[in-house]
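Right, one structure below, let's go through it.
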Amino acid sequence: MDSTFASAEAKKWADWASKDLAVYMYPNITRSFTECRSALAYADESFSPLQAFLIKNIGALGMSMAHGSIKKKYNISDERTALFEKLDIWENQILEESGPFRAGNQFPDLADLTVFGVLTSVHGLSAHNEIMSSRPKLAKWYNNMNSYLPPLSLIN
């Protein structure tokens with residue numbers, strides 16, 4: 001493994017993505033019952049119609065109920081604003097230099113892959129769409145990552 005891929009700096013940012021950025025994703029996909037149901041839409045393809053109905057509706061109810069607890073636990077008042085503040089931090093990292101990846105690198109490192117994974121976890125949901133449509137610099141980095149990596153069935 002290339003030492004730049006898992007450098008101390010890359011590990012620091014990967015840890016940030018896993019422990020800090022990821023925390024803000026859940027409250028941003030559970031703001032309403034409809035968003036919760038959308039997050040469980042995969043059930044339509046994986047379960048019988050009755051099971052999918054139960055998963056989407058009972059699961060969405062549980063997710064809706066947990067929303068406030070998660071916000072309280074992490075002291076989040078406005079989940080979208082808080083998420084966008086975290087994304088500002090990442091954008092400053094990826095715009096530090098002129099390359100397509102973090103800190104101007106020509107190839108993604110562990111930090112790029114971890115942040116990409118966090119953002120990809122909400123692909124297809126309104127939070128992801130809003131992030132990408134309102135943050136062109138982040139969207140460009142995300143598209144660079146998507147182009148660099150082999151296609152994943154969950155992404156495409």
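Following the order of the structure tokens, first chain is A, next is B, and so on, with residues numbered from 1 inside each chain and ligands from 1 in the order they appear.
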Task: All residues 12 Å or closer to region 130-132 of chain A, only C-alpha atoms, same chain fewer than 2 positions away omitted, as JSON, numbers by chain - done: {"A": [25, 28, 29, 80, 81, 83, 84, 85, 86, 87, 88, 91, 119, 120, 122, 123, 124, 125, 126, 127, 128, 134, 135, 136, 137, 138, 139, 140, 141, 142, 143]}
Task: DSSP-assigned helix (DSSP H, G or I) members of region 70-148 of chain A, reported as a VMD selection string - done: chain A and resid 70 to 73 79 to 94 102 to 104 110 to 120 126 to 134 136 to 148
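Proximity to Asn75 (chain A) was assessed for A:Thr34, A:Ala41, A:Val23, A:Thr114 counting only C-alpha atoms; the smallest distance is recorded for A:Val23.
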Task: Polymer residues at most 7 Å from region 4-12 of chain A, only C-alpha atoms, same-chain spacing of 3 or more positions, as an NGL selection string - done: :A and (15-16 or 109-111)
For the residues selected in the previous step, produce a file with C-alpha atoms as a PDB file, in the first residue's frame.
```pdb
ATOM      1  CA  ASP A  15     -11.424   9.274  11.411  1.00  0.00           C
ATOM      2  CA  TRP A  16     -13.142  12.676  11.191  1.00  0.00           C
ATOM      3  CA  ASP A 109      -6.508   8.508  -0.333  1.00  0.00           C
ATOM      4  CA  LEU A 110      -8.122   6.904   2.704  1.00  0.00           C
ATOM      5  CA  ALA A 111      -9.783  10.197   3.651  1.00  0.00           C
TER       6      ALA A 111
END
```
Open item on the list: Just checking: using only C-alpha atoms, which residue out of A:Ile76, A:Leu113, A:Leu149, A:Ser133 ends up closest to Ser18 (chain A)?
Closed with: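 Between A:Ile76, A:Leu113, A:Leu149, A:Ser133, the residue approaching Ser18 (chain A) most closely is A:Leu113.
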Open item on the list: Taking only C-alpha atoms into account, name the residue in A:Pro108, A:Gly59, A:Asn92, A:Gly117 that is nearest to Tyr148 (chain A).
Closed with: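 The closest residue to Tyr148 (chain A) is A:Pro108.
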